[in-house]
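Asker: Input input.csv, format and content: CSV, C-alpha atoms.
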chain,number,residue,atom,x,y,z
A,92,MET,CA,0.0,0.0,0.0
A,93,ALA,CA,2.7,2.4,1.0
A,94,ALA,CA,4.8,1.5,-2.0
A,95,SER,CA,2.0,2.1,-4.5
A,96,MET,CA,1.3,5.5,-2.9
A,97,LEU,CA,5.0,6.4,-3.2
A,98,VAL,CA,5.0,5.4,-6.9
A,99,GLN,CA,1.9,7.5,-7.6
A,100,ARG,CA,3.4,10.6,-5.9
A,101,THR,CA,6.6,10.1,-7.8
A,102,ALA,CA,4.8,9.8,-11.1
A,103,THR,CA,2.9,13.0,-10.3
A,104,LEU,CA,6.1,14.9,-9.6
A,105,CYS,CA,7.6,13.6,-12.9
A,106,GLY,CA,4.6,14.9,-14.8
A,107,ALA,CA,4.9,18.3,-13.1
A,108,PHE,CA,8.5,18.7,-14.0
A,109,LYS,CA,8.2,17.2,-17.5
A,110,GLY,CA,7.1,20.5,-19.2
A,111,ILE,CA,9.8,22.5,-17.4
A,112,SER,CA,12.8,20.3,-18.1
A,113,GLN,CA,12.1,19.1,-21.7
A,114,ALA,CA,14.4,21.7,-23.3
A,115,LYS,CA,17.3,21.1,-20.9
A,116,ALA,CA,16.8,17.4,-20.2
A,117,VAL,CA,19.9,15.3,-20.3
A,118,LEU,CA,18.4,12.0,-19.2
A,119,PRO,CA,15.1,10.5,-20.3
A,120,VAL,CA,12.1,10.9,-18.1
A,121,ASN,CA,12.0,7.3,-17.1
A,122,CYS,CA,15.6,7.5,-15.9
A,123,ARG,CA,14.9,10.6,-13.9
A,124,CYS,CA,11.9,8.9,-12.2
A,125,TRP,CA,14.0,5.8,-11.5
A,126,PHE,CA,16.7,8.0,-9.9
A,127,MET,CA,14.1,9.8,-7.7
A,128,LEU,CA,12.6,6.5,-6.7
A,129,GLN,CA,16.1,5.3,-5.6
A,130,THR,CA,16.7,8.5,-3.7
A,131,ALA,CA,13.3,8.3,-2.0
A,132,GLY,CA,14.0,4.7,-0.9
A,133,TYR,CA,17.6,5.4,0.3
A,134,ASN,CA,17.9,4.2,3.9
A,135,PRO,CA,21.5,4.6,5.2
A,136,LYS,CA,22.8,2.2,7.8
A,137,PRO,CA,23.4,3.8,11.2
A,138,LEU,CA,27.0,4.5,12.3
A,139,LYS,CA,28.3,2.2,15.0
A,140,LEU,CA,29.4,4.8,17.4
A,141,ASP,CA,29.4,4.4,21.2
A,142,PHE,CA,29.7,7.8,22.8
A,143,ARG,CA,29.4,6.3,26.2
A,144,GLN,CA,32.9,4.9,26.0
A,145,PRO,CA,36.0,7.0,25.3
A,146,TYR,CA,38.0,6.4,22.1
A,147,ILE,CA,41.4,5.0,23.1
A,148,PRO,CA,43.6,4.3,20.1
A,149,ASP,CA,45.5,1.1,19.9
A,150,LYS,CA,49.2,2.1,19.7
A,151,GLU,CA,50.2,-1.4,18.6
A,152,SER,CA,47.9,-1.4,15.6
A,153,ASP,CA,49.2,-0.4,12.2
A,154,LYS,CA,45.9,1.2,11.4
A,155,THR,CA,46.3,3.8,14.1
A,156,PRO,CA,47.6,7.1,12.8
A,157,GLU,CA,51.1,8.1,14.0
A,158,TRP,CA,49.8,11.4,15.5
A,159,GLN,CA,47.6,9.4,17.9
A,160,LYS,CA,50.6,7.5,19.2
A,161,THR,CA,52.5,10.7,20.4
A,162,GLY,CA,52.8,12.0,23.9
A,163,ARG,CA,51.0,15.1,22.9
A,164,TYR,CA,47.9,13.0,22.0
A,165,ASP,CA,48.2,11.2,25.4
A,166,LYS,CA,48.1,14.5,27.2
A,167,LYS,CA,44.9,15.4,25.2
A,168,LEU,CA,43.3,12.1,26.2
A,169,PHE,CA,44.2,12.5,29.8
A,170,GLY,CA,42.9,16.0,29.8
A,171,ARG,CA,39.6,14.9,28.3
A,172,TYR,CA,38.9,11.5,30.1
A,173,GLY,CA,41.2,11.6,33.1
A,174,SER,CA,42.1,8.2,34.5
A,175,GLY,CA,39.6,6.7,32.1
A,176,SER,CA,42.0,7.3,29.3
A,177,GLY,CA,44.4,4.7,30.6
A,178,VAL,CA,47.3,7.1,30.4
A,179,ASP,CA,49.9,7.1,33.2
A,180,PRO,CA,50.1,10.6,34.5
A,181,ALA,CA,53.8,10.1,35.3
A,182,SER,CA,54.5,9.6,31.6
A,183,LEU,CA,53.1,13.1,30.9
A,184,TRP,CA,55.7,14.8,33.1
A,185,PRO,CA,58.5,16.4,30.9
A,186,SER,CA,61.8,14.7,30.8
A,187,HIS,CA,65.0,16.1,32.3
A,188,GLU,CA,66.0,17.6,28.9
A,189,GLU,CA,62.6,19.0,28.2
A,190,LEU,CA,62.5,20.5,31.7
A,191,GLU,CA,65.9,22.2,31.3
A,192,LYS,CA,64.7,23.6,27.9
A,193,LEU,CA,61.5,25.0,29.5
A,194,ILE,CA,63.5,26.6,32.3
A,195,ALA,CA,66.0,28.1,29.8
A,196,GLU,CA,63.1,29.5,27.8
A,197,GLU,CA,61.5,30.9,31.0
A,198,ARG,CA,64.7,32.6,31.9
A,199,GLU,CA,65.2,34.1,28.4
A,200,TRP,CA,61.7,35.4,27.9
A,201,HIS,CA,60.6,36.0,31.5
A,202,PRO,CA,63.7,36.8,33.5
A,203,PRO,CA,63.4,37.7,37.2
A,204,LEU,CA,63.0,41.3,38.3
A,205,GLU,CA,66.5,41.5,39.6
A,206,VAL,CA,67.9,40.5,36.2
A,207,LEU,CA,65.7,43.0,34.5
A,208,LEU,CA,66.9,45.8,36.8
A,209,LYS,CA,70.5,44.8,36.2
A,210,ASN,CA,70.0,44.8,32.4
A,211,ILE,CA,68.4,48.3,32.6
A,212,GLU,CA,71.2,49.6,34.7
A,213,ALA,CA,73.9,48.2,32.3
A,214,LYS,CA,72.1,49.6,29.3
A,215,GLN,CA,71.8,53.1,30.9
A,216,LYS,CA,75.5,52.9,31.9
A,217,GLU,CA,76.5,52.0,28.3
A,218,GLU,CA,74.4,54.8,26.9
A,219,THR,CA,76.0,57.3,29.4
A,220,GLN,CA,79.5,56.2,28.3
A,221,LYS,CA,78.6,56.6,24.6
A,222,ARG,CA,77.2,60.1,25.3
A,223,LEU,CA,80.3,61.1,27.3
A,224,ALA,CA,82.7,59.8,24.6
A,225,LYS,CA,80.7,61.7,22.0
A,226,GLU,CA,80.8,64.9,24.0
A,227,LYS,CA,84.5,64.5,24.5
A,228,LEU,CA,85.1,64.0,20.8
A,229,ILE,CA,83.1,67.1,20.0
A,230,ALA,CA,85.0,69.2,22.6
A,231,ALA,CA,88.3,68.0,21.2
A,232,ASN,CA,87.3,68.9,17.7
A,233,MET,CA,86.0,72.3,18.7
A,234,ALA,CA,89.4,73.0,20.5
A,235,LYS,CA,91.1,72.1,17.2
A,236,MET,CA,88.8,74.2,15.1
A,237,PRO,CA,90.8,77.5,15.2
A,238,LYS,CA,94.0,75.7,14.1
A,239,MET,CA,92.1,73.8,11.4
A,240,ILE,CA,90.7,77.1,10.1
A,241,GLU,CA,94.1,78.7,10.1
A,242,ASP,CA,95.7,75.7,8.3
A,243,TRP,CA,92.9,75.8,5.7
A,244,ARG,CA,93.5,79.5,5.1
A,245,ARG,CA,97.3,79.0,4.9
A,246,GLU,CA,96.9,76.2,2.4
A,247,LYS,CA,94.5,78.3,0.4
A,248,ARG,CA,97.0,81.2,0.3
A,249,GLU,CA,99.9,78.9,-0.6
A,250,GLY,CA,97.8,77.4,-3.4
A,251,LYS,CA,97.0,80.8,-4.8
A,252,GLN,CA,100.7,81.8,-4.5
A,253,LYS,CA,101.8,78.6,-6.2
A,254,LEU,CA,99.3,79.1,-9.0
A,255,LYS,CA,100.5,82.7,-9.4
A,256,GLU,CA,104.1,81.6,-9.6
A,257,GLU,CA,103.4,78.9,-12.1
A,258,LYS,CA,101.5,81.4,-14.2
A,259,ALA,CA,104.4,83.8,-14.1
A,260,ARG,CA,106.9,81.1,-14.9
A,261,LYS,CA,104.8,80.0,-17.9
A,262,ALA,CA,104.6,83.6,-19.1
A,263,LYS,CA,108.4,84.0,-18.7
A,264,LEU,CA,109.0,80.8,-20.7
A,265,LEU,CA,106.6,81.9,-23.5
A,266,ALA,CA,108.4,85.3,-23.6
A,267,GLU,CA,111.8,83.5,-23.8
A,268,ALA,CA,110.6,81.2,-26.5
A,269,ARG,CA,109.3,84.2,-28.5
A,270,GLU,CA,112.7,85.9,-28.1
A,271,ARG,CA,114.6,82.7,-29.1
A,272,PHE,CA,112.5,81.7,-32.1
A,273,GLY,CA,111.2,85.1,-33.1
A,274,TYR,CA,107.5,84.1,-33.0
A,275,ASN,CA,104.8,82.9,-30.6
A,276,VAL,CA,105.2,79.2,-29.8
A,277,ASP,CA,102.4,76.9,-28.8
A,278,PRO,CA,103.3,75.5,-25.3
A,279,ARG,CA,102.1,72.1,-26.4
A,280,THR,CA,104.6,71.7,-29.3
A,281,PRO,CA,107.7,69.5,-28.9
A,282,LYS,CA,109.9,72.5,-29.7
A,283,PHE,CA,108.6,74.4,-26.6
A,284,LEU,CA,108.8,71.3,-24.4
A,285,GLU,CA,112.5,70.7,-25.4
A,286,MET,CA,113.3,74.3,-24.6
A,287,VAL,CA,111.7,74.0,-21.2
A,288,ALA,CA,113.6,70.8,-20.5
A,289,GLU,CA,116.9,72.5,-21.5
A,290,ILE,CA,116.1,75.5,-19.3
A,291,GLU,CA,115.3,73.3,-16.3
A,292,LYS,CA,118.5,71.4,-16.8
A,293,GLU,CA,120.5,74.7,-16.8
A,294,GLU,CA,118.7,75.8,-13.6
A,295,LYS,CA,119.5,72.6,-11.8
A,296,LYS,CA,123.2,73.0,-12.9
A,297,LYS,CA,123.3,76.6,-11.5
A,298,LYS,CA,121.7,75.5,-8.2
A,299,LYS,CA,124.2,72.7,-7.9
A,300,LEU,CA,127.1,75.1,-8.5
A,301,LEU,CA,125.7,77.6,-6.1
A,302,LYS,CA,125.4,75.0,-3.4
A,303,ARG,CA,128.9,73.8,-3.9
A,304,ARG,CA,130.3,77.4,-3.7
A,305,LEU,CA,128.5,78.0,-0.5
A,306,LYS,CA,129.9,74.9,1.0
A,307,GLU,CA,133.4,75.8,0.0
A,308,GLU,CA,133.0,79.3,1.5
A,309,GLN,CA,131.8,77.8,4.8
A,310,ALA,CA,134.8,75.4,4.8
A,311,ALA,CA,137.3,78.3,4.1
A,312,ALA,CA,135.8,80.6,6.7
A,313,PRO,CA,137.9,80.8,10.0
A,314,PRO,CA,136.4,79.1,13.1
A,315,ALA,CA,134.6,81.4,15.5
A,316,ALA,CA,136.7,82.4,18.5
A,317,HIS,CA,135.5,81.1,21.9
A,318,SER,CA,135.6,83.4,24.9
Could you show the structure in this file as C-alpha coordinates?

Answerer:
Amino acid sequence: MAASMLVQRTATLCGAFKGISQAKAVLPVNCRCWFMLQTAGYNPKPLKLDFRQPYIPDKESDKTPEWQKTGRYDKKLFGRYGSGSGVDPASLWPSHEELEKLIAEEREWHPPLEVLLKNIEAKQKEETQKRLAKEKLIAANMAKMPKMIEDWRREKREGKQKLKEEKARKAKLLAEARERFGYNVDPRTPKFLEMVAEIEKEEKKKKKLLKRRLKEEQAAAPPAAHS
(Lines of atoms letter the chains of each structure in order from A and count residues from 1; the text may use other names and numbers.)
(Lines give C-alpha, C1' and ligand atoms only; values in the text may rest on other atoms or scores of the structure.)
Protein backbone atom coordinates (compact mmCIF):
# COMPACT_ATOMS: atom_id res chain seq x y z
CA MET A 1 0.00 0.00 0.00
CA ALA A 2 2.72 2.44 0.99
CA ALA A 3 4.80 1.48 -2.02
CA SER A 4 1.96 2.12 -4.46
CA MET A 5 1.26 5.54 -2.94
CA LEU A 6 4.97 6.43 -3.23
CA VAL A 7 4.95 5.39 -6.89
CA GLN A 8 1.87 7.52 -7.59
CA ARG A 9 3.42 10.61 -5.93
CA THR A 10 6.64 10.11 -7.82
CA ALA A 11 4.77 9.83 -11.11
CA THR A 12 2.87 13.04 -10.33
CA LEU A 13 6.14 14.87 -9.62
CA CYS A 14 7.61 13.56 -12.86
CA GLY A 15 4.65 14.87 -14.80
CA ALA A 16 4.86 18.28 -13.13
CA PHE A 17 8.53 18.69 -14.00
CA LYS A 18 8.22 17.22 -17.47
CA GLY A 19 7.10 20.46 -19.18
CA ILE A 20 9.79 22.52 -17.45
CA SER A 21 12.78 20.31 -18.13
CA GLN A 22 12.08 19.14 -21.68
CA ALA A 23 14.39 21.74 -23.29
CA LYS A 24 17.27 21.09 -20.88
CA ALA A 25 16.79 17.41 -20.22
CA VAL A 26 19.90 15.29 -20.31
CA LEU A 27 18.43 11.99 -19.17
CA PRO A 28 15.12 10.46 -20.29
CA VAL A 29 12.08 10.94 -18.08
CA ASN A 30 11.99 7.31 -17.12
CA CYS A 31 15.59 7.47 -15.95
CA ARG A 32 14.90 10.56 -13.86
CA CYS A 33 11.89 8.92 -12.25
CA TRP A 34 13.96 5.84 -11.49
CA PHE A 35 16.68 8.02 -9.89
CA MET A 36 14.11 9.82 -7.74
CA LEU A 37 12.65 6.50 -6.68
CA GLN A 38 16.08 5.30 -5.64
CA THR A 39 16.68 8.53 -3.72
CA ALA A 40 13.34 8.33 -1.95
CA GLY A 41 13.99 4.74 -0.95
CA TYR A 42 17.56 5.38 0.34
CA ASN A 43 17.92 4.24 3.93
CA PRO A 44 21.53 4.58 5.21
CA LYS A 45 22.84 2.24 7.84
CA PRO A 46 23.42 3.85 11.24
CA LEU A 47 27.00 4.48 12.28
CA LYS A 48 28.25 2.17 14.98
CA LEU A 49 29.44 4.82 17.41
CA ASP A 50 29.38 4.42 21.16
CA PHE A 51 29.66 7.83 22.78
CA ARG A 52 29.40 6.34 26.23
CA GLN A 53 32.90 4.87 26.02
CA PRO A 54 36.01 7.05 25.29
CA TYR A 55 37.97 6.37 22.14
CA ILE A 56 41.37 5.02 23.13
CA PRO A 57 43.59 4.34 20.10
CA ASP A 58 45.51 1.09 19.92
CA LYS A 59 49.17 2.10 19.66
CA GLU A 60 50.20 -1.42 18.63
CA SER A 61 47.91 -1.40 15.61
CA ASP A 62 49.24 -0.40 12.19
CA LYS A 63 45.88 1.18 11.37
CA THR A 64 46.25 3.77 14.13
CA PRO A 65 47.61 7.10 12.79
CA GLU A 66 51.07 8.09 14.01
CA TRP A 67 49.84 11.36 15.50
CA GLN A 68 47.59 9.36 17.86
CA LYS A 69 50.64 7.54 19.20
CA THR A 70 52.47 10.66 20.39
CA GLY A 71 52.81 11.97 23.92
CA ARG A 72 50.97 15.11 22.90
CA TYR A 73 47.88 13.05 22.05
CA ASP A 74 48.22 11.21 25.37
CA LYS A 75 48.08 14.55 27.16
CA LYS A 76 44.92 15.42 25.24
CA LEU A 77 43.32 12.10 26.15
CA PHE A 78 44.21 12.46 29.82
CA GLY A 79 42.89 16.03 29.85
CA ARG A 80 39.59 14.88 28.32
CA TYR A 81 38.94 11.54 30.07
CA GLY A 82 41.25 11.62 33.09
CA SER A 83 42.08 8.20 34.50
CA GLY A 84 39.56 6.68 32.08
CA SER A 85 42.02 7.31 29.26
CA GLY A 86 44.37 4.67 30.60
CA VAL A 87 47.30 7.09 30.36
CA ASP A 88 49.85 7.05 33.18
CA PRO A 89 50.10 10.64 34.55
CA ALA A 90 53.79 10.10 35.32
CA SER A 91 54.49 9.65 31.61
CA LEU A 92 53.07 13.11 30.91
CA TRP A 93 55.68 14.83 33.06
CA PRO A 94 58.46 16.42 30.93
CA SER A 95 61.81 14.67 30.75
CA HIS A 96 64.99 16.11 32.26
CA GLU A 97 66.04 17.59 28.89
CA GLU A 98 62.58 19.04 28.23
CA LEU A 99 62.47 20.51 31.73
CA GLU A 100 65.85 22.20 31.26
CA LYS A 101 64.69 23.58 27.93
CA LEU A 102 61.52 24.98 29.53
CA ILE A 103 63.54 26.56 32.34
CA ALA A 104 65.96 28.12 29.84
CA GLU A 105 63.06 29.53 27.79
CA GLU A 106 61.49 30.88 30.96
CA ARG A 107 64.73 32.62 31.93
CA GLU A 108 65.18 34.05 28.44
CA TRP A 109 61.65 35.36 27.87
CA HIS A 110 60.58 36.00 31.47
CA PRO A 111 63.70 36.82 33.53
CA PRO A 112 63.40 37.69 37.23
CA LEU A 113 62.96 41.30 38.35
CA GLU A 114 66.53 41.46 39.64
CA VAL A 115 67.91 40.47 36.23
CA LEU A 116 65.67 43.02 34.50
CA LEU A 117 66.91 45.79 36.79
CA LYS A 118 70.54 44.81 36.18
CA ASN A 119 69.98 44.81 32.41
CA ILE A 120 68.36 48.25 32.58
CA GLU A 121 71.23 49.59 34.70
CA ALA A 122 73.85 48.15 32.31
CA LYS A 123 72.07 49.62 29.31
CA GLN A 124 71.84 53.06 30.94
CA LYS A 125 75.53 52.88 31.86
CA GLU A 126 76.48 51.98 28.29
CA GLU A 127 74.38 54.84 26.87
CA THR A 128 75.98 57.27 29.36
CA GLN A 129 79.49 56.16 28.33
CA LYS A 130 78.65 56.59 24.65
CA ARG A 131 77.22 60.06 25.29
CA LEU A 132 80.29 61.15 27.30
CA ALA A 133 82.65 59.81 24.62
CA LYS A 134 80.73 61.71 21.95
CA GLU A 135 80.78 64.92 23.97
CA LYS A 136 84.54 64.50 24.54
CA LEU A 137 85.14 64.04 20.83
CA ILE A 138 83.07 67.12 20.01
CA ALA A 139 84.96 69.20 22.60
CA ALA A 140 88.33 68.03 21.20
CA ASN A 141 87.29 68.89 17.66
CA MET A 142 86.01 72.30 18.74
CA ALA A 143 89.37 72.97 20.45
CA LYS A 144 91.14 72.10 17.18
CA MET A 145 88.81 74.24 15.12
CA PRO A 146 90.81 77.52 15.20
CA LYS A 147 94.01 75.74 14.12
CA MET A 148 92.12 73.83 11.42
CA ILE A 149 90.68 77.08 10.08
CA GLU A 150 94.10 78.72 10.11
CA ASP A 151 95.66 75.72 8.32
CA TRP A 152 92.92 75.83 5.72
CA ARG A 153 93.48 79.53 5.11
CA ARG A 154 97.26 79.02 4.91
CA GLU A 155 96.86 76.17 2.39
CA LYS A 156 94.52 78.33 0.37
CA ARG A 157 97.04 81.21 0.35
CA GLU A 158 99.86 78.86 -0.58
CA GLY A 159 97.77 77.36 -3.36
CA LYS A 160 97.04 80.80 -4.78
CA GLN A 161 100.69 81.77 -4.51
CA LYS A 162 101.80 78.59 -6.23
CA LEU A 163 99.29 79.10 -9.01
CA LYS A 164 100.49 82.67 -9.40
CA GLU A 165 104.13 81.56 -9.58
CA GLU A 166 103.36 78.86 -12.14
CA LYS A 167 101.46 81.37 -14.23
CA ALA A 168 104.38 83.83 -14.07
CA ARG A 169 106.87 81.09 -14.93
CA LYS A 170 104.80 80.02 -17.91
CA ALA A 171 104.58 83.61 -19.15
CA LYS A 172 108.36 83.96 -18.72
CA LEU A 173 108.96 80.76 -20.69
CA LEU A 174 106.64 81.88 -23.46
CA ALA A 175 108.44 85.26 -23.62
CA GLU A 176 111.82 83.53 -23.75
CA ALA A 177 110.59 81.18 -26.51
CA ARG A 178 109.33 84.17 -28.50
CA GLU A 179 112.68 85.87 -28.09
CA ARG A 180 114.62 82.73 -29.07
CA PHE A 181 112.51 81.65 -32.07
CA GLY A 182 111.21 85.07 -33.13
CA TYR A 183 107.54 84.11 -33.04
CA ASN A 184 104.84 82.94 -30.60
CA VAL A 185 105.23 79.24 -29.82
CA ASP A 186 102.42 76.89 -28.79
CA PRO A 187 103.35 75.52 -25.30
CA ARG A 188 102.10 72.06 -26.41
CA THR A 189 104.60 71.70 -29.29
CA PRO A 190 107.71 69.51 -28.92
CA LYS A 191 109.92 72.53 -29.67
CA PHE A 192 108.61 74.39 -26.63
CA LEU A 193 108.84 71.31 -24.40
CA GLU A 194 112.45 70.71 -25.45
CA MET A 195 113.28 74.31 -24.63
CA VAL A 196 111.68 73.98 -21.18
CA ALA A 197 113.63 70.78 -20.47
CA GLU A 198 116.85 72.54 -21.47
CA ILE A 199 116.12 75.54 -19.25
CA GLU A 200 115.31 73.29 -16.28
CA LYS A 201 118.55 71.43 -16.81
CA GLU A 202 120.49 74.70 -16.79
CA GLU A 203 118.68 75.84 -13.62
CA LYS A 204 119.55 72.60 -11.82
CA LYS A 205 123.16 73.00 -12.86
CA LYS A 206 123.27 76.58 -11.54
CA LYS A 207 121.70 75.50 -8.23
CA LYS A 208 124.23 72.73 -7.87
CA LEU A 209 127.15 75.07 -8.52
CA LEU A 210 125.74 77.63 -6.07
CA LYS A 211 125.37 74.97 -3.39
CA ARG A 212 128.94 73.80 -3.92
CA ARG A 213 130.27 77.40 -3.74
CA LEU A 214 128.46 78.04 -0.46
CA LYS A 215 129.88 74.85 0.97
CA GLU A 216 133.42 75.82 -0.04
CA GLU A 217 133.02 79.29 1.46
CA GLN A 218 131.83 77.82 4.75
CA ALA A 219 134.79 75.45 4.82
CA ALA A 220 137.29 78.28 4.10
CA ALA A 221 135.85 80.63 6.74
CA PRO A 222 137.91 80.77 10.01
CA PRO A 223 136.36 79.14 13.05
CA ALA A 224 134.60 81.44 15.50
CA ALA A 225 136.68 82.40 18.54
CA HIS A 226 135.49 81.07 21.89
CA SER A 227 135.57 83.40 24.86

Asker: Please compute the atom CA of A:Asn232-atom CA of A:Lys216 distance, one decimal, in Å.

Answerer: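 We find that atom CA of A:Asn232 and atom CA of A:Lys216 lie 24.4 Å from each other.
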
Asker: Identify which of the residues A:Leu264, A:Ile147, A:Leu190, A:Leu207 lies closest to A:Gly177, counting all atoms listed in the file when measuring atom-to-atom distances.

Answerer: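 Ranking A:Leu264, A:Ile147, A:Leu190, A:Leu207 by distance to A:Gly177, first place goes to A:Ile147.
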
Asker: Give me, please, the distance in Å between atom CA of A:Ala288 and atom CA of A:Glu256, quoted to one decimal.

Answerer: 18.0 Å

Asker: Tell me which protein, DNA and RNA residues are within 12 Å of stretch 289-297 of chain A, counting all atoms listed in the file, leaving out same-chain ones fewer than 6 positions away, and put them as a ChimeraX atom specification.

Answerer: /A:260,263-264,267-268,282-283,303-304

Asker: Within 12 Å of A:Thr161, counting only C-alpha atoms, which residues qualify if same-chain residues fewer than 4 places away don't, as a ChimeraX atom specification?

Answerer: /A:148-150,155-157,165-168,178,182-183

Asker: Just the number, please: distance in Å from atom CA of A:Pro145 to atom CA of A:Asp179, one decimal.

Answerer: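 That distance, rounded to one decimal, is 16.0 Å.
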